[in-house]
file input.txt (compact mmCIF, C-alpha atoms)
# COMPACT_ATOMS: atom_id res chain seq x y z
CA MET A 632 4.79 -9.03 17.40
CA GLU A 633 4.35 -11.91 14.98
CA TYR A 634 0.64 -11.22 14.69
CA TYR A 635 1.34 -7.90 13.00
CA LEU A 636 3.55 -9.72 10.50
CA ILE A 637 0.78 -12.22 9.76
CA VAL A 638 -1.59 -9.36 8.96
CA SER A 639 0.87 -7.69 6.66
CA ALA A 640 1.67 -11.00 4.94
CA ILE A 641 -2.03 -11.57 4.24
CA MET A 642 -2.36 -8.10 2.77
CA PHE A 643 0.80 -8.64 0.70
CA PHE A 644 -0.44 -11.87 -0.81
CA ALA A 645 -3.89 -10.44 -1.45
CA GLY A 646 -2.11 -7.77 -3.47
CA ILE A 647 -0.10 -10.39 -5.37
CA TYR A 648 -3.24 -12.38 -6.15
CA GLY A 649 -4.91 -9.25 -7.49
CA PHE A 650 -1.82 -8.47 -9.55
CA PHE A 651 -1.91 -11.89 -11.19
CA THR A 652 -5.59 -12.32 -11.85
CA ARG A 653 -7.10 -8.93 -12.58
CA ARG A 654 -7.73 -7.79 -16.12
CA ASN A 655 -8.23 -4.09 -15.60
CA THR A 656 -4.94 -2.19 -15.33
CA LEU A 657 -6.30 0.13 -12.66
CA ALA A 658 -7.14 -2.92 -10.55
CA ILE A 659 -3.53 -4.05 -11.00
CA LEU A 660 -2.36 -0.66 -9.76
CA ILE A 661 -4.64 -0.94 -6.73
CA SER A 662 -3.05 -4.33 -5.97
CA ILE A 663 0.38 -2.70 -6.14
CA GLU A 664 -0.81 -0.19 -3.54
CA LEU A 665 -1.79 -3.07 -1.27
CA ILE A 666 1.67 -4.62 -1.64
CA LEU A 667 3.41 -1.35 -0.80
CA ASN A 668 1.18 -0.79 2.20
CA ALA A 669 1.96 -4.24 3.55
CA THR A 670 5.69 -3.58 3.42
CA ASP A 671 5.17 -0.24 5.19
CA ILE A 672 3.42 -2.02 8.03
CA ASN A 673 6.34 -4.45 8.23
CA PHE A 674 8.88 -1.66 8.50
CA ALA A 675 6.93 0.15 11.20
CA VAL A 676 6.47 -3.06 13.21
CA PHE A 677 10.16 -3.94 13.03
CA ASN A 678 11.09 -0.47 14.12
CA ARG A 679 8.70 -0.51 17.04
CA PHE A 680 9.50 -3.94 18.41
CA LEU A 681 13.10 -4.65 17.49
CA PHE A 682 14.70 -1.22 17.52
CA PRO A 683 12.59 1.04 19.71
CA GLY A 684 15.37 3.59 20.10
CA GLY A 685 16.01 4.22 16.43
CA LEU A 686 13.90 5.73 13.69
CA GLU A 687 15.12 4.00 10.54
CA GLY A 688 12.04 1.90 9.81
CA TYR A 689 9.80 4.85 10.59
CA PHE A 690 11.48 7.06 8.04
CA PHE A 691 11.55 4.25 5.51
CA SER A 692 7.78 3.98 5.80
CA LEU A 693 7.39 7.74 5.52
CA PHE A 694 9.44 8.00 2.37
CA SER A 695 7.81 4.90 0.93
CA ILE A 696 4.38 6.52 1.30
CA ALA A 697 5.63 9.64 -0.51
CA ILE A 698 7.24 7.67 -3.32
CA SER A 699 4.25 5.44 -3.87
CA ALA A 700 2.03 8.51 -4.11
CA ALA A 701 4.25 9.92 -6.84
CA GLU A 702 4.38 6.61 -8.69
CA THR A 703 0.60 6.21 -8.54
CA ALA A 704 0.12 9.65 -10.05
CA ILE A 705 2.40 8.87 -12.98
CA ALA A 706 0.86 5.43 -13.54
CA ILE A 707 -2.65 6.88 -13.63
CA ALA A 708 -1.52 9.59 -16.07
CA ILE A 709 -0.15 6.87 -18.35
CA MET A 710 -3.39 4.89 -18.07
CA ILE A 711 -5.46 7.92 -19.00
CA ASN A 712 -3.26 8.49 -22.01
CA ILE A 713 -3.65 4.85 -23.05
CA TYR A 714 -7.40 5.14 -22.71
CA ARG A 715 -7.40 8.20 -24.93
CA ASN A 716 -5.58 6.29 -27.65
CA ILE A 717 -7.18 2.86 -27.67
CA ARG A 718 -10.38 3.42 -25.67
CA SER A 719 -9.78 0.44 -23.42
CA ILE A 720 -7.66 -0.39 -20.41
CA GLN A 721 -7.90 -4.14 -20.37
CA VAL A 722 -4.48 -5.72 -20.40
CA GLY A 723 -5.42 -7.99 -23.27
CA LYS A 724 -5.70 -5.01 -25.57
CA LEU A 725 -2.25 -3.62 -24.77
CA ASN A 726 -0.32 -5.73 -27.21
CA GLU A 727 0.99 -3.35 -29.83
CA LEU A 728 3.87 -0.94 -29.69
CA LYS A 729 3.50 2.50 -31.14
CA TRP A 730 3.24 2.31 -34.87
CA MET B 387 -2.40 -13.65 27.28
CA GLU B 388 -4.43 -11.11 29.12
CA ILE B 389 -7.25 -9.36 27.32
CA THR B 390 -6.20 -5.74 27.25
CA LEU B 391 -7.82 -3.03 25.20
CA GLU B 392 -4.80 -3.05 22.93
CA THR B 393 -5.33 -6.72 22.10
CA VAL B 394 -9.02 -6.21 21.34
CA VAL B 395 -8.29 -3.23 19.09
CA PHE B 396 -5.54 -5.16 17.35
CA TYR B 397 -7.79 -8.14 16.58
CA PHE B 398 -10.51 -5.85 15.30
CA LEU B 399 -8.07 -4.02 13.03
CA ALA B 400 -6.53 -7.28 11.83
CA ALA B 401 -9.91 -8.71 10.86
CA PHE B 402 -10.89 -5.40 9.23
CA ILE B 403 -7.74 -5.25 7.12
CA THR B 404 -7.88 -8.92 6.12
CA VAL B 405 -11.50 -8.85 5.04
CA PHE B 406 -11.26 -5.64 3.09
CA SER B 407 -7.98 -6.41 1.36
CA ILE B 408 -9.36 -9.73 0.13
CA LEU B 409 -12.55 -8.01 -0.98
CA THR B 410 -10.49 -5.41 -2.87
CA VAL B 411 -8.94 -7.98 -5.16
CA THR B 412 -11.93 -10.22 -5.70
CA THR B 413 -14.79 -7.86 -6.40
CA SER B 414 -15.78 -7.36 -10.00
CA ARG B 415 -16.90 -3.73 -9.83
CA MET B 416 -14.13 -1.18 -9.94
CA VAL B 417 -15.55 1.58 -7.77
CA ARG B 418 -16.20 -0.95 -5.02
CA SER B 419 -12.61 -2.07 -5.27
CA ALA B 420 -11.44 1.50 -4.72
CA THR B 421 -13.76 1.88 -1.74
CA TYR B 422 -12.48 -1.31 -0.15
CA LEU B 423 -8.95 -0.03 -0.71
CA LEU B 424 -9.93 3.11 1.19
CA PHE B 425 -11.09 1.01 4.13
CA THR B 426 -7.91 -1.05 4.04
CA LEU B 427 -5.84 2.11 4.18
CA PHE B 428 -7.84 3.37 7.15
CA GLY B 429 -7.16 0.04 8.86
CA THR B 430 -3.44 0.43 8.19
CA ALA B 431 -3.50 3.92 9.67
CA GLY B 432 -5.23 2.41 12.70
CA ILE B 433 -2.34 -0.03 13.09
CA TYR B 434 0.12 2.84 12.96
CA PHE B 435 -1.82 4.64 15.69
CA LEU B 436 -1.85 1.43 17.73
CA LEU B 437 1.93 1.18 17.48
CA GLY B 438 2.23 4.73 18.76
CA TYR B 439 3.32 6.29 15.48
CA THR B 440 0.75 9.05 15.26
CA PHE B 441 2.58 11.17 12.70
CA LEU B 442 2.94 8.23 10.37
CA GLY B 443 -0.74 7.39 10.77
CA SER B 444 -1.72 10.96 10.00
CA VAL B 445 0.50 11.03 6.92
CA GLN B 446 -1.02 7.73 5.81
CA ILE B 447 -4.55 9.10 6.10
CA MET B 448 -3.73 12.38 4.38
CA VAL B 449 -1.65 11.04 1.51
CA TYR B 450 -3.05 7.59 0.87
CA ALA B 451 -6.66 7.78 1.91
CA GLY B 452 -7.12 11.41 1.07
CA GLY B 453 -5.06 11.69 -2.09
CA ILE B 454 -4.40 8.41 -3.81
CA VAL B 455 -7.85 6.87 -3.46
CA VAL B 456 -9.46 10.06 -4.75
CA LEU B 457 -7.11 9.89 -7.72
CA TYR B 458 -8.09 6.27 -8.35
CA VAL B 459 -11.80 7.02 -8.17
CA PHE B 460 -11.40 9.86 -10.65
CA SER B 461 -9.42 7.75 -13.07
CA ILE B 462 -11.85 4.82 -12.80
CA LEU B 463 -14.76 7.07 -13.58
CA LEU B 464 -12.87 8.69 -16.45
CA THR B 465 -11.74 5.54 -18.15
CA SER B 466 -14.16 2.71 -17.80
CA GLY B 467 -17.00 4.15 -15.80
CA GLU B 468 -19.37 2.09 -13.75
CA GLY B 469 -20.85 0.12 -16.59
CA ASP B 470 -17.77 -1.96 -17.18
CA ARG B 471 -17.61 -5.03 -15.01
CA THR B 472 -14.55 -7.23 -15.18
CA GLU B 473 -15.50 -10.45 -16.91
CA LYS B 474 -15.32 -13.85 -15.29
CA LEU B 475 -11.91 -15.38 -15.04
CA LYS B 476 -11.16 -18.72 -16.63
CA ARG B 477 -11.13 -21.56 -14.18
CA SER B 478 -7.55 -22.61 -14.85
CA LYS B 479 -6.19 -19.11 -14.46
CA PHE B 480 -8.10 -18.59 -11.25
CA LEU B 481 -6.76 -21.83 -9.79
CA ALA B 482 -3.22 -21.09 -10.90
CA GLY B 483 -3.30 -17.63 -9.35
CA LEU B 484 -4.85 -18.86 -6.13
CA GLY B 485 -2.44 -21.79 -5.90
CA THR B 486 0.62 -19.63 -6.43
CA THR B 487 -0.56 -17.07 -3.91
CA ALA B 488 -1.41 -19.69 -1.31
CA ALA B 489 1.93 -21.45 -1.74
CA GLY B 490 3.82 -18.20 -1.41
CA ALA B 491 1.83 -17.21 1.65
CA VAL B 492 2.50 -20.55 3.34
CA ILE B 493 6.23 -20.32 2.67
CA VAL B 494 6.52 -16.73 3.88
CA LEU B 495 4.43 -17.33 6.98
CA PHE B 496 6.41 -20.45 7.84
CA VAL B 497 9.75 -18.65 7.56
CA THR B 498 8.47 -15.62 9.47
CA LEU B 499 6.95 -17.55 12.35
CA LYS B 500 9.87 -19.94 12.71
CA HIS B 501 12.32 -17.12 13.20
CA LYS B 502 12.88 -16.20 16.83
CA PHE B 503 12.59 -12.47 16.95
CA MET B 504 14.20 -10.80 19.93
CA ALA B 505 11.25 -8.56 20.52
CA THR B 506 11.32 -6.11 23.39
CA THR B 507 8.92 -6.90 26.19
CA ASP B 508 5.73 -5.10 25.42
CA VAL B 509 6.33 -1.55 26.47
CA ALA B 510 3.60 1.04 26.44
CA PRO B 511 3.29 2.76 23.06
CA LEU B 512 5.94 5.42 23.28
CA GLU B 513 4.92 8.37 21.20
CA ILE B 514 7.71 9.92 19.20
CA ASP B 515 7.18 13.64 19.43
CA ILE B 516 7.34 15.80 16.35
CA LYS B 517 10.42 17.62 17.59
CA THR B 518 12.47 14.42 17.39
CA ILE B 519 11.11 13.65 13.94
CA GLY B 520 11.85 17.14 12.72
CA HIS B 521 15.39 17.11 14.05
CA ALA B 522 16.04 13.70 12.55
CA MET B 523 14.62 14.52 9.19
CA LEU B 524 16.41 17.78 8.66
CA SER B 525 19.83 17.10 10.14
CA GLY B 526 22.81 16.42 7.94
CA ASP B 527 24.93 14.31 10.30
CA LYS B 528 25.14 10.54 10.53
CA TYR B 529 21.55 9.58 11.37
CA GLY B 530 19.92 12.50 9.67
CA TYR B 531 17.63 12.18 6.71
CA LEU B 532 18.26 15.42 4.91
CA LEU B 533 19.50 13.80 1.71
CA PRO B 534 16.48 11.50 1.21
CA PHE B 535 14.20 14.41 2.02
CA GLU B 536 15.67 16.56 -0.73
CA ALA B 537 15.80 13.64 -3.13
CA VAL B 538 12.09 12.94 -2.57
CA SER B 539 11.30 16.57 -3.27
CA ILE B 540 13.17 16.40 -6.58
CA LEU B 541 11.31 13.17 -7.35
CA LEU B 542 7.98 14.84 -6.69
CA LEU B 543 8.92 17.73 -8.98
CA ALA B 544 9.86 15.26 -11.71
CA CYS B 545 6.56 13.45 -11.22
CA ILE B 546 4.54 16.65 -11.45
CA VAL B 547 6.25 17.70 -14.67
CA GLY B 548 6.07 14.19 -16.10
CA GLY B 549 2.42 13.76 -15.24
CA LEU B 550 1.50 17.04 -16.85
CA LEU B 551 3.42 16.19 -19.98
CA ILE B 552 1.92 12.74 -20.29
CA ALA B 553 -1.68 13.64 -19.72
CA ARG B 554 -2.00 16.97 -21.50
CA LYS B 555 -4.37 17.56 -24.36
CA ARG B 556 -2.78 17.31 -27.74
call {"tool": "encode", "arguments": {"input": "input.txt", "output": "structure tokens"}}
result
Amino acid sequence: MEYYLIVSAIMFFAGIYGFFTRRNTLAILISIELILNATDINFAVFNRFLFPGGLEGYFFSLFSIAISAAETAIAIAIMINIYRNIRSIQVGKLNELKW
Amino acid sequence: MEITLETVVFYFLAAFITVFSILTVTTSRMVRSATYLLFTLFGTAGIYFLLGYTFLGSVQIMVYAGGIVVLYVFSILLTSGEGDRTEKLKRSKFLAGLGTTAAGAVIVLFVTLKHKFMATTDVAPLEIDIKTIGHAMLSGDKYGYLLPFEAVSILLLACIVGGLLIARKR
């Protein structure tokens, strides 16, 4: 069972590395998707190996997939709006509040 | 440890996911990053199928691989297009990011592997049939998930309305 956790930890930290070092905001959002996916794997593995009779981890993963889909849609809508206003989505350019 | 088909499939999926998730965050071209994310999500769905959770794997493929990645590809092509490559990172920032990530990974892996999990002896992948899932999701008693189900539907409605309002043409 620990091997599954190693895989999800690698994916989690790949997502964190991408979150820290990427300049494009859409790449940062993709790294957030990796992080959320890694935690979903963790929940499913814990449910399968530690509590095979219950369904709590399973439903947590299911709802987490739904919620991350909704959050991705909103984040991309915001990014498209930002692009319309300042023609760039590099994080270095996002340094002014609305004037 | 005996070499069963399950072990072989697991090692293949583990290598697949590791390689593609690292490639997702280190490539400089955005459309390639979205494609590697798609492969990573297929690998994750494969792990769900390996654990015996076929409904969860199907939902993962439909929602994540079929919806979210398409959304990302559209938004990448709308905003920066293919001509924009991310510029090279400064050496100090690259080392700081890599060092932090590596330290965190070592700590988390150490704590996880030291802990003695009381895992069940490897049973065959028991498939949870859809009738059980349906009854659990829509029942209102103690272990039912009716309230989160309705709350997620309200959340999705709020996201649809919010997304339309944010991204409409002025």
call {"tool": "interface_residues", "arguments": {"input": "input.txt", "of": "chain A", "to": "chain B", "cutoff": "6 Å", "atoms": "all atoms listed in the file", "output": "list in words"}}
result
Ala645, Tyr648, Gly649, Phe680, Leu681, Ile705, Ala708 and Asn712 of chain A
call {"tool": "residues_around", "arguments": {"input": "input.txt", "residues": "region 668-678 of chain A", "least_positions_apart": "6", "cutoff": "9 Å", "atoms": "all atoms listed in the file", "output": "ChimeraX atom specification"}}
result
/A:632,635-636,638-643,646,684-693,695-696 /B:427,430,433-434,437,439,505
call {"tool": "atom_distance", "arguments": {"input": "input.txt", "atom1": "CA of Leu667 (chain A)", "atom2": "CA of Phe435 (chain B)"}}
result
18.3 Å
call {"tool": "closest_residue", "arguments": {"input": "input.txt", "among": "A:Phe651, A:Leu728, A:Ala697, A:Ile663", "to": "Met448 (chain B)", "atoms": "all atoms listed in the file"}}
result
A:Ala697
call {"tool": "atom_distance", "arguments": {"input": "input.txt", "atom1": "CA of Thr440 (chain B)", "atom2": "CA of Gly520 (chain B)"}}
result
14.0 Å
call {"tool": "closest_residue", "arguments": {"input": "input.txt", "among": "B:Glu392, B:Ile516, B:Arg556, B:Ala537", "to": "Arg715 (chain A)", "atoms": "only C-alpha atoms"}}
result
B:Arg556
call {"tool": "closest_residue", "arguments": {"input": "input.txt", "among": "A:Leu725, A:Ile720, A:Leu660, A:Ile637", "to": "Glu702 (chain A)", "atoms": "only C-alpha atoms"}}
result
A:Leu660
call {"tool": "atom_distance", "arguments": {"input": "input.txt", "atom1": "CA of Glu727 (chain A)", "atom2": "CA of Ala704 (chain A)"}}
result
23.7 Å
